[in-house]
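Here's structure_28.csv, which has CSV, C-alpha atoms and all ligand atoms:
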```
chain,number,residue,atom,x,y,z
A,1,MET,CA,0.0,0.0,0.0
A,2,ARG,CA,1.3,3.5,-0.9
A,3,ARG,CA,1.5,5.9,2.0
A,4,ALA,CA,1.5,9.6,1.7
A,5,SER,CA,4.0,11.2,4.0
A,6,VAL,CA,4.5,14.7,5.1
A,7,HIS,CA,8.2,14.3,4.1
A,8,SER,CA,7.8,13.0,0.6
A,9,GLU,CA,8.0,14.8,-2.6
A,10,GLN,CA,6.4,13.0,-5.5
A,11,GLY,CA,5.3,13.5,-9.0
A,12,ALA,CA,1.8,12.3,-9.6
A,13,THR,CA,1.0,10.4,-12.7
A,14,SER,CA,-2.4,10.9,-14.3
A,15,GLU,CA,-3.3,7.5,-13.0
A,16,THR,CA,-2.5,8.7,-9.5
A,17,ALA,CA,-4.7,11.8,-10.0
A,18,ARG,CA,-7.6,9.6,-11.2
A,19,GLY,CA,-7.1,7.3,-8.2
A,20,ILE,CA,-7.1,10.2,-5.7
A,21,ASN,CA,-10.1,11.9,-7.3
A,22,ARG,CA,-12.0,8.6,-7.3
A,23,ALA,CA,-11.2,8.1,-3.6
A,24,ILE,CA,-12.3,11.7,-2.9
A,25,VAL,CA,-15.7,11.2,-4.6
A,26,LEU,CA,-16.2,7.8,-3.0
A,27,ASN,CA,-15.4,9.2,0.5
A,28,LEU,CA,-17.7,12.2,0.0
A,29,ILE,CA,-20.5,9.8,-1.0
A,30,ARG,CA,-19.7,7.7,2.1
A,31,LYS,CA,-19.8,10.6,4.5
A,32,ARG,CA,-22.6,12.7,3.0
A,33,GLN,CA,-24.9,10.2,1.4
A,34,PRO,CA,-27.4,10.5,-0.2
A,35,ILE,CA,-25.7,13.2,-2.2
A,36,SER,CA,-26.4,14.7,-5.7
A,37,ARG,CA,-23.7,15.0,-8.4
A,38,ALA,CA,-23.9,18.8,-8.1
A,39,ASP,CA,-23.2,18.7,-4.4
A,40,LEU,CA,-20.4,16.3,-5.0
A,41,ALA,CA,-18.8,18.7,-7.5
A,42,ARG,CA,-19.2,21.6,-5.1
A,43,ALA,CA,-17.8,19.7,-2.1
A,44,SER,CA,-14.9,18.2,-4.0
A,45,GLY,CA,-13.9,21.1,-6.1
A,46,LEU,CA,-13.9,18.8,-9.2
A,47,GLN,CA,-15.5,19.7,-12.5
A,48,PRO,CA,-19.1,18.4,-12.8
A,49,SER,CA,-18.1,16.4,-15.8
A,50,THR,CA,-15.2,14.7,-13.9
A,51,VAL,CA,-17.6,13.9,-11.0
A,52,SER,CA,-20.1,12.4,-13.5
A,53,LEU,CA,-17.4,10.2,-15.1
A,54,ILE,CA,-16.3,8.9,-11.7
A,55,ALA,CA,-19.8,8.4,-10.5
A,56,GLU,CA,-20.7,6.3,-13.6
A,57,GLN,CA,-17.6,4.2,-13.1
A,58,LEU,CA,-18.5,3.6,-9.4
A,59,ILE,CA,-22.0,2.6,-10.4
A,60,ARG,CA,-20.6,0.2,-13.0
A,61,GLU,CA,-18.4,-1.3,-10.3
A,62,LYS,CA,-21.4,-1.6,-8.0
A,63,TRP,CA,-19.8,0.6,-5.3
A,64,VAL,CA,-22.5,3.2,-5.7
A,65,VAL,CA,-26.2,3.0,-6.4
A,66,TYR,CA,-28.9,5.5,-7.3
A,67,GLY,CA,-30.8,6.4,-4.2
A,68,SER,CA,-33.9,8.6,-3.8
A,69,VAL,CA,-34.8,11.5,-6.1
A,70,GLY,CA,-34.4,14.9,-4.5
A,71,ARG,CA,-36.9,17.8,-4.5
A,72,LEU,CA,-36.0,21.3,-5.6
A,73,PRO,CA,-38.4,24.2,-6.0
A,74,ARG,CA,-37.9,24.3,-9.8
A,75,GLY,CA,-35.8,22.7,-12.4
A,76,ARG,CA,-34.6,19.1,-12.9
A,77,ARG,CA,-34.9,16.8,-9.9
A,78,PRO,CA,-31.5,15.5,-9.0
A,79,THR,CA,-30.8,11.8,-8.4
A,80,PHE,CA,-29.0,11.1,-5.2
A,81,LEU,CA,-26.1,8.7,-5.0
A,82,GLN,CA,-25.3,6.4,-2.1
A,83,LEU,CA,-23.1,3.5,-1.3
A,84,ASN,CA,-24.3,0.1,-2.3
A,85,GLU,CA,-25.3,-1.6,0.9
A,86,ARG,CA,-25.1,-5.0,-0.8
A,87,ARG,CA,-21.3,-4.6,-1.0
A,88,VAL,CA,-20.2,-6.1,2.3
A,89,ILE,CA,-17.1,-7.0,4.3
A,90,LEU,CA,-16.5,-10.1,6.4
A,91,ALA,CA,-15.1,-9.2,9.8
A,92,LEU,CA,-13.3,-11.7,12.0
A,93,ASP,CA,-12.5,-10.7,15.6
A,94,LEU,CA,-10.0,-13.3,16.9
A,95,ARG,CA,-9.9,-13.4,20.7
A,96,PRO,CA,-8.4,-15.8,23.2
A,97,ALA,CA,-11.7,-17.5,24.3
A,98,THR,CA,-14.4,-16.6,21.8
A,99,SER,CA,-14.1,-15.2,18.4
A,100,THR,CA,-16.7,-13.4,16.2
A,101,VAL,CA,-17.4,-13.6,12.5
A,102,ALA,CA,-19.6,-10.8,11.2
A,103,VAL,CA,-20.9,-9.4,7.9
A,104,THR,CA,-21.1,-5.7,7.7
A,105,ASP,CA,-22.1,-3.4,4.9
A,106,VAL,CA,-19.8,-0.6,3.7
A,107,ASN,CA,-21.4,1.8,6.2
A,108,GLY,CA,-20.3,-0.4,9.1
A,109,ASN,CA,-23.9,-1.8,9.8
A,110,PHE,CA,-24.0,-5.4,10.9
A,111,LEU,CA,-26.0,-7.8,8.8
A,112,GLU,CA,-25.0,-10.9,10.7
A,113,ARG,CA,-22.8,-11.8,13.7
A,114,GLN,CA,-21.8,-15.3,14.9
A,115,SER,CA,-19.7,-16.4,17.9
A,116,ILE,CA,-17.1,-19.2,17.5
A,117,GLN,CA,-15.2,-20.9,20.3
A,118,THR,CA,-11.6,-20.1,19.5
A,119,PRO,CA,-9.6,-23.3,18.8
A,120,ASP,CA,-6.4,-23.8,20.7
A,121,ASN,CA,-4.0,-23.7,17.7
A,122,PRO,CA,-3.7,-21.7,14.5
A,123,ASP,CA,-4.2,-24.5,12.0
A,124,THR,CA,-7.5,-25.6,13.5
A,125,ALA,CA,-8.6,-22.0,13.8
A,126,ILE,CA,-7.9,-21.2,10.1
A,127,LYS,CA,-9.8,-24.4,9.1
A,128,ILE,CA,-12.8,-23.5,11.2
A,129,PHE,CA,-12.9,-19.8,10.4
A,130,SER,CA,-12.6,-20.6,6.6
A,131,GLU,CA,-15.5,-23.1,6.8
A,132,ARG,CA,-17.7,-20.6,8.6
A,133,ILE,CA,-16.8,-17.9,6.2
A,134,LEU,CA,-17.5,-20.1,3.1
A,135,ARG,CA,-20.9,-21.1,4.6
A,136,ILE,CA,-21.8,-17.4,5.1
A,137,ILE,CA,-20.9,-16.6,1.5
A,138,ALA,CA,-22.9,-19.5,0.2
A,139,ASP,CA,-25.9,-18.4,2.3
A,140,HIS,CA,-25.9,-14.9,0.8
A,141,PRO,CA,-25.7,-15.1,-3.0
A,142,GLU,CA,-27.2,-11.6,-3.1
A,143,LEU,CA,-24.2,-9.9,-1.4
A,144,LEU,CA,-20.9,-8.7,-3.0
A,145,PHE,CA,-18.1,-9.8,-0.6
A,146,GLU,CA,-15.3,-7.2,-0.8
A,147,GLY,CA,-12.8,-8.8,1.5
A,148,ILE,CA,-12.0,-10.1,4.9
A,149,GLY,CA,-10.7,-8.0,7.8
A,150,VAL,CA,-9.2,-9.8,10.7
A,151,VAL,CA,-8.4,-8.2,14.0
A,152,ILE,CA,-6.0,-10.0,16.3
A,153,PRO,CA,-5.0,-9.7,20.0
A,154,GLY,CA,-1.4,-9.3,18.9
A,155,ARG,CA,0.8,-7.6,16.3
A,156,TYR,CA,1.0,-8.3,12.7
A,157,ASP,CA,4.2,-8.0,10.7
A,158,ASP,CA,2.9,-7.3,7.2
A,159,LYS,CA,6.4,-7.5,5.6
A,160,ARG,CA,6.7,-11.1,6.7
A,161,ASP,CA,3.0,-11.9,6.8
A,162,ARG,CA,3.2,-13.2,10.3
A,163,VAL,CA,1.2,-12.7,13.5
A,164,VAL,CA,4.3,-12.0,15.6
A,165,PHE,CA,3.2,-11.1,19.1
A,166,ALA,CA,0.1,-12.5,20.7
A,167,PRO,CA,1.0,-13.4,24.3
A,168,ASN,CA,-2.6,-13.8,25.4
A,169,LEU,CA,-3.4,-16.2,22.6
A,170,LYS,CA,-0.3,-18.3,23.4
A,171,TRP,CA,0.1,-19.4,19.8
A,172,PRO,CA,3.5,-19.5,18.0
A,173,GLU,CA,4.1,-17.1,15.0
A,174,PHE,CA,1.8,-18.0,12.2
A,175,ASP,CA,0.5,-16.8,8.8
A,176,LEU,CA,-3.2,-16.0,8.8
A,177,ARG,CA,-3.5,-14.0,5.6
A,178,ALA,CA,-2.3,-16.4,2.9
A,179,PRO,CA,-4.2,-19.6,4.2
A,180,LEU,CA,-7.5,-17.6,4.6
A,181,GLU,CA,-7.1,-16.0,1.2
A,182,LYS,CA,-6.4,-19.5,-0.4
A,183,ALA,CA,-9.4,-21.0,1.4
A,184,THR,CA,-11.9,-18.2,0.6
A,185,GLY,CA,-10.7,-16.6,-2.6
A,186,LEU,CA,-11.1,-13.2,-0.9
A,187,PRO,CA,-8.4,-10.6,-0.1
A,188,VAL,CA,-7.6,-10.6,3.6
A,189,LYS,CA,-6.3,-7.7,5.7
A,190,VAL,CA,-4.9,-8.5,9.2
A,191,GLU,CA,-4.5,-5.8,11.9
A,192,ASN,CA,-3.8,-5.5,15.6
A,193,ALA,CA,-7.0,-4.8,17.7
A,194,ALA,CA,-5.8,-1.4,18.9
A,195,ASN,CA,-4.9,-0.3,15.4
A,196,ALA,CA,-8.3,-1.4,14.1
A,197,CYS,CA,-10.0,0.6,16.9
A,198,VAL,CA,-8.1,3.8,16.1
A,199,LEU,CA,-9.0,3.3,12.4
A,200,ALA,CA,-12.7,2.8,13.4
A,201,GLU,CA,-12.6,6.2,15.3
A,202,VAL,CA,-11.3,8.0,12.2
A,203,TRP,CA,-13.7,6.2,9.7
A,204,PHE,CA,-16.9,5.8,11.7
A,205,ALA,CA,-16.7,8.3,14.6
A,206,GLN,CA,-15.0,10.8,12.2
A,207,SER,CA,-12.4,11.9,14.7
A,208,THR,CA,-10.2,14.5,12.9
A,209,ALA,CA,-7.3,14.6,15.4
A,210,ARG,CA,-4.0,14.1,13.6
A,211,ASN,CA,-2.5,12.7,16.8
A,212,LEU,CA,-5.0,10.2,18.2
A,213,LEU,CA,-4.6,7.1,20.3
A,214,ALA,CA,-6.9,4.2,20.9
A,215,ILE,CA,-6.1,2.4,24.1
A,216,THR,CA,-7.7,-1.0,24.2
A,217,VAL,CA,-8.2,-2.6,27.6
A,218,SER,CA,-9.3,-6.3,27.6
A,219,GLU,CA,-7.2,-9.4,28.4
A,220,GLY,CA,-4.2,-7.1,27.7
A,221,VAL,CA,-3.6,-3.4,27.1
A,222,GLY,CA,-2.7,-2.2,23.6
A,223,VAL,CA,-2.3,1.2,22.0
A,224,GLY,CA,-3.2,2.1,18.4
A,225,ILE,CA,-1.3,5.2,17.3
A,226,VAL,CA,-2.2,7.8,14.7
A,227,ALA,CA,0.8,10.2,14.7
A,228,ASP,CA,0.9,13.2,12.5
A,229,GLY,CA,-2.0,11.7,10.4
A,230,HIS,CA,-0.4,8.3,9.9
A,231,LEU,CA,-1.3,4.9,11.5
A,232,VAL,CA,2.0,3.8,13.0
A,233,HIS,CA,3.2,0.2,12.6
A,234,ALA,CA,7.0,0.5,12.8
A,235,ALA,CA,9.5,-2.4,12.7
A,236,ASN,CA,7.8,-5.8,12.9
A,237,GLY,CA,4.4,-4.0,13.3
A,238,MET,CA,5.3,-3.7,17.0
A,239,ALA,CA,4.7,0.0,17.8
A,240,GLY,CA,2.3,0.6,20.6
A,241,GLU,CA,3.1,-2.2,23.0
A,242,PHE,CA,3.0,0.1,26.0
A,243,GLY,CA,1.1,-2.7,27.8
A,244,HIS,CA,4.4,-4.6,28.1
A,245,ILE,CA,6.5,-1.8,29.6
A,246,PRO,CA,7.3,-2.9,33.2
A,247,LEU,CA,6.1,-0.6,35.9
A,248,ASP,CA,7.4,-2.8,38.7
A,249,ALA,CA,10.2,-5.2,38.2
A,250,SER,CA,9.1,-7.4,41.1
A,251,GLY,CA,5.4,-7.5,40.0
A,252,PRO,CA,3.4,-10.5,38.8
A,253,THR,CA,4.7,-12.4,35.7
A,254,CYS,CA,3.1,-11.2,32.4
A,255,GLY,CA,2.2,-13.3,29.3
A,256,CYS,CA,5.3,-11.8,27.6
A,257,GLY,CA,7.6,-13.3,30.2
A,258,ALA,CA,8.6,-10.1,31.9
A,259,ARG,CA,7.4,-9.0,35.4
A,260,GLY,CA,5.1,-6.2,36.4
A,261,CYS,CA,4.1,-5.0,32.9
A,262,TRP,CA,1.5,-2.2,32.8
A,263,GLU,CA,-1.2,-4.7,31.5
A,264,VAL,CA,-0.6,-6.9,34.5
A,265,TYR,CA,-2.1,-4.1,36.5
A,266,ALA,CA,-4.5,-2.4,34.1
A,267,SER,CA,-6.2,-5.2,32.2
A,268,ASN,CA,-9.6,-7.0,32.8
A,269,TRP,CA,-7.6,-9.9,34.2
A,270,ALA,CA,-6.0,-7.5,36.7
A,271,ALA,CA,-9.3,-6.3,37.9
A,272,LEU,CA,-10.4,-9.9,38.5
A,273,ARG,CA,-7.2,-10.4,40.5
A,274,PHE,CA,-7.9,-7.3,42.6
A,275,TYR,CA,-11.5,-8.6,43.2
A,276,GLY,CA,-10.3,-12.1,44.1
A,277,ALA,CA,-7.8,-10.6,46.5
A,278,ALA,CA,-10.5,-8.3,48.0
A,279,SER,CA,-13.4,-10.7,48.2
A,280,ARG,CA,-11.6,-14.1,48.7
A,281,SER,CA,-14.5,-15.6,46.8
A,282,GLY,CA,-14.6,-17.5,43.5
A,283,ARG,CA,-13.6,-15.4,40.5
A,284,PRO,CA,-16.4,-14.2,38.2
A,285,SER,CA,-15.8,-13.2,34.6
A,286,PHE,CA,-15.1,-9.6,33.9
A,287,HIS,CA,-18.6,-9.2,32.6
A,288,ASP,CA,-19.9,-10.5,36.0
A,289,LEU,CA,-17.6,-8.1,37.8
A,290,LEU,CA,-19.1,-5.2,35.9
A,291,ALA,CA,-22.6,-6.4,36.6
A,292,LEU,CA,-21.8,-6.8,40.3
A,293,ALA,CA,-20.4,-3.2,40.3
A,294,GLU,CA,-23.5,-1.8,38.6
A,295,GLY,CA,-25.5,-3.5,41.3
A,296,GLY,CA,-23.5,-1.6,44.0
A,297,ASP,CA,-21.2,-4.4,45.2
A,298,GLN,CA,-18.5,-2.6,47.1
A,299,ASN,CA,-15.7,-5.1,46.5
A,300,SER,CA,-16.3,-5.0,42.7
A,301,LEU,CA,-16.3,-1.2,42.7
A,302,ARG,CA,-13.1,-1.1,44.7
A,303,ALA,CA,-11.5,-3.6,42.2
A,304,LEU,CA,-12.6,-1.4,39.2
A,305,ASP,CA,-11.4,1.8,40.9
A,306,HIS,CA,-8.0,0.1,41.4
A,307,MET,CA,-8.0,-0.9,37.7
A,308,ALA,CA,-8.8,2.7,36.7
A,309,GLN,CA,-5.9,4.0,38.9
A,310,GLU,CA,-3.6,1.5,37.2
A,311,ILE,CA,-4.8,2.6,33.7
A,312,GLY,CA,-4.0,6.1,34.9
A,313,ARG,CA,-0.6,5.1,36.1
A,314,GLY,CA,0.4,4.3,32.5
A,315,MET,CA,-0.7,7.7,31.1
A,316,ARG,CA,2.5,9.5,31.8
A,317,MET,CA,4.6,7.2,29.6
A,318,VAL,CA,2.0,7.2,26.8
A,319,ILE,CA,1.6,11.0,26.8
A,320,ALA,CA,5.3,11.7,27.3
A,321,ALA,CA,6.1,9.4,24.4
A,322,LEU,CA,3.4,10.3,21.9
A,323,SER,CA,1.8,13.7,22.9
A,324,PRO,CA,-1.7,12.9,21.6
A,325,GLU,CA,-4.5,15.4,21.1
A,326,GLU,CA,-7.1,12.8,21.8
A,327,ILE,CA,-7.2,9.5,23.7
A,328,VAL,CA,-10.0,7.1,23.1
A,329,PHE,CA,-10.5,4.2,25.5
A,330,VAL,CA,-12.0,0.9,24.1
A,331,GLY,CA,-13.1,-1.9,26.4
A,332,GLU,CA,-15.9,-3.4,28.4
A,333,PHE,CA,-14.8,-1.3,31.4
A,334,THR,CA,-16.1,1.9,29.6
A,335,ARG,CA,-19.6,0.8,30.7
A,336,LEU,CA,-18.6,2.3,34.0
A,337,TRP,CA,-17.1,5.4,32.5
A,338,ASN,CA,-19.0,7.7,34.8
A,339,ARG,CA,-17.1,6.2,37.7
A,340,MET,CA,-13.8,5.1,36.1
A,341,GLY,CA,-13.4,7.9,33.5
A,342,PRO,CA,-12.8,10.7,36.0
A,343,ILE,CA,-10.0,8.7,37.7
A,344,ILE,CA,-8.3,8.3,34.3
A,345,GLU,CA,-8.9,11.9,33.3
A,346,ARG,CA,-7.3,13.1,36.5
A,347,ALA,CA,-4.2,11.0,35.7
A,348,VAL,CA,-4.1,12.4,32.2
A,349,LYS,CA,-4.2,16.0,33.4
A,350,GLN,CA,-1.3,15.3,35.8
A,351,SER,CA,0.7,13.6,33.0
A,352,VAL,CA,0.9,16.5,30.6
A,353,LEU,CA,4.3,18.1,30.3
A,354,VAL,CA,3.4,21.1,28.0
A,355,GLY,CA,0.1,22.5,26.7
A,356,ASN,CA,-3.4,21.4,27.2
A,357,PRO,CA,-4.3,17.9,28.2
A,358,PRO,CA,-5.6,15.7,25.4
A,359,LEU,CA,-9.3,15.1,25.1
A,360,VAL,CA,-10.2,11.8,26.8
A,361,ARG,CA,-13.3,9.8,26.0
A,362,PRO,CA,-14.7,6.3,25.7
A,363,ALA,CA,-14.9,4.9,22.1
A,364,ALA,CA,-18.0,5.8,20.0
A,365,ALA,CA,-19.1,2.1,19.9
A,366,GLU,CA,-18.8,-0.7,22.4
A,367,ALA,CA,-15.6,-2.7,22.3
A,368,SER,CA,-16.7,-5.6,20.1
A,369,VAL,CA,-18.4,-3.2,17.6
A,370,ALA,CA,-15.3,-1.0,17.6
A,371,ARG,CA,-13.0,-3.9,16.7
A,372,LEU,CA,-15.3,-5.3,14.0
A,373,ARG,CA,-15.8,-1.8,12.5
A,374,GLY,CA,-12.0,-1.4,12.5
A,375,THR,CA,-11.8,-4.4,10.1
A,376,VAL,CA,-14.3,-2.7,7.8
A,377,ALA,CA,-12.1,0.4,7.8
A,378,MET,CA,-9.0,-1.8,7.0
A,379,VAL,CA,-10.7,-3.2,3.9
A,380,LEU,CA,-12.2,0.1,2.8
A,381,LYS,CA,-8.9,1.9,3.2
A,382,GLU,CA,-7.6,-0.1,0.3
A,383,ARG,CA,-10.4,1.3,-1.9
A,384,PHE,CA,-11.1,4.7,-0.5
A,385,GLY,CA,-7.6,5.8,0.4
A,386,SER,CA,-7.6,8.1,3.4
A,387,ALA,CA,-10.9,8.6,5.4
A,388,VAL,CA,-10.2,12.3,5.5
A,389,GLU,CA,-11.2,14.6,2.7
A,390,ARG,CA,-8.2,15.7,0.6
A,391,ARG,CA,-7.8,18.3,-2.1
A,392,PRO,CA,-8.5,17.0,-5.5
A,393,ARG,CA,-5.6,16.5,-8.0
A,394,ILE,CA,-6.2,18.3,-11.3
A,395,ALA,CA,-5.0,16.0,-14.1
A,396,LYS,CA,-3.5,18.8,-16.2
A,397,LEU,CA,-1.2,19.9,-13.4
A,398,VAL,CA,0.2,16.4,-12.7
A,399,ARG,CA,3.3,16.8,-14.9
A,400,LYS,CA,4.6,19.1,-12.2
A,401,PRO,CA,5.6,17.3,-9.0
A,402,ILE,CA,3.1,17.6,-6.2
A,403,VAL,CA,5.1,18.6,-3.2
A,404,LEU,CA,3.6,17.6,0.1
A,405,ARG,CA,4.8,20.3,2.4
A,406,ARG,CA,5.5,19.8,6.1
A,407,GLY,CA,2.5,21.0,8.0
A,408,ALA,CA,0.2,20.3,5.0
A,409,GLU,CA,-3.0,18.6,6.1
A,410,VAL,CA,-2.0,15.1,4.9
A,411,MET,CA,-3.6,12.1,6.5
A,412,SER,CA,-3.1,8.5,5.4
A,413,VAL,CA,-5.6,6.9,7.7
B,501,ZN,ZN,4.3,-8.1,29.4
```
Translate this structure into structure tokens?
Ligand SMILES: [Zn+2]
Amino acid sequence: MRRASVHSEQGATSETARGINRAIVLNLIRKRQPISRADLARASGLQPSTVSLIAEQLIREKWVVYGSVGRLPRGRRPTFLQLNERRVILALDLRPATSTVAVTDVNGNFLERQSIQTPDNPDTAIKIFSERILRIIADHPELLFEGIGVVIPGRYDDKRDRVVFAPNLKWPEFDLRAPLEKATGLPVKVENAANACVLAEVWFAQSTARNLLAITVSEGVGVGIVADGHLVHAANGMAGEFGHIPLDASGPTCGCGARGCWEVYASNWAALRFYGAASRSGRPSFHDLLALAEGGDQNSLRALDHMAQEIGRGMRMVIAALSPEEIVFVGEFTRLWNRMGPIIERAVKQSVLVGNPPLVRPAAAEASVARLRGTVAMVLKERFGSAVERRPRIAKLVRKPIVLRRGAEVMSV
């Protein structure tokens, strides 16, 4: 995938210009649908004839369909364009105990969701997921399946096509993309859960922060990073593993082998440990713990307060390292945001070295939805380019190099 960068200078071919203009039109339809061709031309700055050509092409490719007919006081009644809801994405949320396979349309609406018990090894998992996906495709001949997005509780090295770091899954390094593509015949994108969640915020919650973090708190703690408008993967796809920075060298052992990592204190499992220590009773699931807390159980509330303080304890390292404008928290715990959020916000305020504290909020959608919508964004990003509106490229100027200046509003997410 080609990435725009604030540091690059590149000459655009006419093919590049066409591709960028097509992505601009497709994104405008996605965000403002239903929309007329005239409004598309106004919003994009492109010639009406160029918009019409692109629209016809998108209709031929079944990305866009004619929607309702608009009403104006006089003159021709415009036909509105909207995304084709029959074009769908298969989303697979791979998690340690239970995974989810879902079908969503291009707008991120779910058409179907199925739970699958996660097998204990990658070979069986790929076989079972492939079978389930093929059955869904066979059951829906009316749908156009665009691709498969897989979100994993680990990191994905796209240069080597390997899931490289999934300590809570306890599987060895494995290739997920190629076997799934071979079995299903569909293109597959694989992404870390936190990265998928930060993409979901940009694509579906329409966050416009150029420095945005999604902190996912579940069995572990992961950070998805958009820095200066780019999703950060870095070497081996490993950027964002703040959950495995030790806060206490003599703390409990972590899934990564080290002791006292941040996630050993701040994850759902940590809250259950605090609760077990506090109540000396049998351990519930995290879901049970939240329900107990919502019912006013004091030991559960204390365990969750402790968890919030531990999430807060990691804020200094995250903010000092990345200086975000906005931090979005994703996880079941956000159900108790009214109680846990202020504890975290206090820690964020105390962690800022210069300037205003970043905006802190829970994710726009609940955790499972955020991860699945992230997979939709991963697949659509291939077709739409950036989620953020860009200036159109005018074909007749493309012989001159387009210089992307530092500070220009370039986003690649
Ligand atoms: Zn660790």
Can you work out the spacing between atom CA of A:Ala55 and atom CA of A:Ala41 in Å, to one decimal?
10.8 Å
Of the candidates A:Asn356, A:Asn121, A:Asn195, A:Thr100, which shows the shortest atom-to-atom distance to A:Gly240, using only C-alpha atoms?
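Nearest to A:Gly240: A:Asn195.
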Proximity to ligand ZN 501 (chain B) - best of A:Arg259, A:Lys31, A:Arg373, A:Arg383, only C-alpha atoms and all ligand atoms:
A:Arg259
Could you tell me which of A:Ile133, A:Val25, A:Ala138, A:Leu169 comes closest to A:Leu94 if we count only C-alpha atoms?
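Checking each of A:Ile133, A:Val25, A:Ala138, A:Leu169 against A:Leu94, counting only C-alpha atoms, the winner is A:Leu169.
Atom CA of A:Val376 sits 27.2 Å away from atom CA of A:Glu263.
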Counting all atoms listed in the file, what residues are within 9 Å of ligand ZN 501 (chain B), given as a JSON list (two decimals) with C-alpha atoms, in the coordinates of the input?
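part17.json, written as the output of this step:
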```json
[["chain", "number", "residue", "atom", "x", "y", "z"],
["A", 167, "PRO", "CA", 1.00, -13.40, 24.30],
["A", 220, "GLY", "CA", -4.20, -7.10, 27.70],
["A", 241, "GLU", "CA", 3.10, -2.20, 23.00],
["A", 242, "PHE", "CA", 3.00, 0.10, 26.00],
["A", 243, "GLY", "CA", 1.10, -2.70, 27.80],
["A", 244, "HIS", "CA", 4.40, -4.60, 28.10],
["A", 245, "ILE", "CA", 6.50, -1.80, 29.60],
["A", 246, "PRO", "CA", 7.30, -2.90, 33.20],
["A", 253, "THR", "CA", 4.70, -12.40, 35.70],
["A", 254, "CYS", "CA", 3.10, -11.20, 32.40],
["A", 255, "GLY", "CA", 2.20, -13.30, 29.30],
["A", 256, "CYS", "CA", 5.30, -11.80, 27.60],
["A", 257, "GLY", "CA", 7.60, -13.30, 30.20],
["A", 258, "ALA", "CA", 8.60, -10.10, 31.90],
["A", 259, "ARG", "CA", 7.40, -9.00, 35.40],
["A", 260, "GLY", "CA", 5.10, -6.20, 36.40],
["A", 261, "CYS", "CA", 4.10, -5.00, 32.90],
["A", 262, "TRP", "CA", 1.50, -2.20, 32.80],
["A", 263, "GLU", "CA", -1.20, -4.70, 31.50],
["A", 264, "VAL", "CA", -0.60, -6.90, 34.50]]
```
Would you mind telling me which residue in A:Leu380, A:Leu247, A:Leu372, A:Ala278 lies nearest to A:Thr104 when using all atoms listed in the file?
A:Leu372
Residue with smallest distance to A:Ser130 - pool A:Leu359, A:Ala183, A:Ala214, A:Ala270, counting all atoms listed in the file:
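So, comparing all the options, the nearest one is A:Ala183.
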Need to verify the contact set: A:Ala38, 10 Å, all atoms listed in the file, exclusion of same-chain residues closer than 4 positions in sequence. Can you return it as a CSV table (one decimal) with C-alpha atoms, in the frame of the given file?
```csv
chain,number,residue,atom,x,y,z
A,42,ARG,CA,-19.2,21.6,-5.1
A,43,ALA,CA,-17.8,19.7,-2.1
A,44,SER,CA,-14.9,18.2,-4.0
A,47,GLN,CA,-15.5,19.7,-12.5
A,48,PRO,CA,-19.1,18.4,-12.8
A,49,SER,CA,-18.1,16.4,-15.8
A,51,VAL,CA,-17.6,13.9,-11.0
A,52,SER,CA,-20.1,12.4,-13.5
A,78,PRO,CA,-31.5,15.5,-9.0
A,79,THR,CA,-30.8,11.8,-8.4
A,80,PHE,CA,-29.0,11.1,-5.2
```
Sphere at (-13.4, 1.4, 15.3), radius 6 Å, counting all atoms listed in the file: residues as a tab-separated table (two decimals) with C-alpha atoms, keeping the file's coordinate frame:
```tsv
chain	number	residue	atom	x	y	z
A	196	ALA	CA	-8.30	-1.40	14.10
A	197	CYS	CA	-10.00	0.60	16.90
A	198	VAL	CA	-8.10	3.80	16.10
A	199	LEU	CA	-9.00	3.30	12.40
A	200	ALA	CA	-12.70	2.80	13.40
A	201	GLU	CA	-12.60	6.20	15.30
A	370	ALA	CA	-15.30	-1.00	17.60
A	371	ARG	CA	-13.00	-3.90	16.70
A	373	ARG	CA	-15.80	-1.80	12.50
A	374	GLY	CA	-12.00	-1.40	12.50
```
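Atom to atom, atom CA of A:Lys170 and atom CA of A:Asp157 stand 17.0 Å apart.
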May I have the residues within 9 Å of stretch 312-316 of chain A as a PDB file with C-alpha atoms, in the coordinates of the input, using all atoms listed in the file and disregarding those fewer than 5 positions away in the same chain?
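Below is the file selection-v3.pdb, written as the result:
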```
ATOM      1  CA  PHE A 242       3.000   0.100  26.000  1.00  0.00           C
ATOM      2  CA  GLY A 243       1.100  -2.700  27.800  1.00  0.00           C
ATOM      3  CA  LEU A 247       6.100  -0.600  35.900  1.00  0.00           C
ATOM      4  CA  TRP A 262       1.500  -2.200  32.800  1.00  0.00           C
ATOM      5  CA  ALA A 266      -4.500  -2.400  34.100  1.00  0.00           C
ATOM      6  CA  MET A 307      -8.000  -0.900  37.700  1.00  0.00           C
ATOM      7  CA  ALA A 321       6.100   9.400  24.400  1.00  0.00           C
ATOM      8  CA  ILE A 343     -10.000   8.700  37.700  1.00  0.00           C
ATOM      9  CA  ILE A 344      -8.300   8.300  34.300  1.00  0.00           C
ATOM     10  CA  GLU A 345      -8.900  11.900  33.300  1.00  0.00           C
ATOM     11  CA  ARG A 346      -7.300  13.100  36.500  1.00  0.00           C
ATOM     12  CA  ALA A 347      -4.200  11.000  35.700  1.00  0.00           C
ATOM     13  CA  VAL A 348      -4.100  12.400  32.200  1.00  0.00           C
ATOM     14  CA  GLN A 350      -1.300  15.300  35.800  1.00  0.00           C
ATOM     15  CA  SER A 351       0.700  13.600  33.000  1.00  0.00           C
ATOM     16  CA  VAL A 352       0.900  16.500  30.600  1.00  0.00           C
ATOM     17  CA  LEU A 353       4.300  18.100  30.300  1.00  0.00           C
TER      18      LEU A 353
END
```
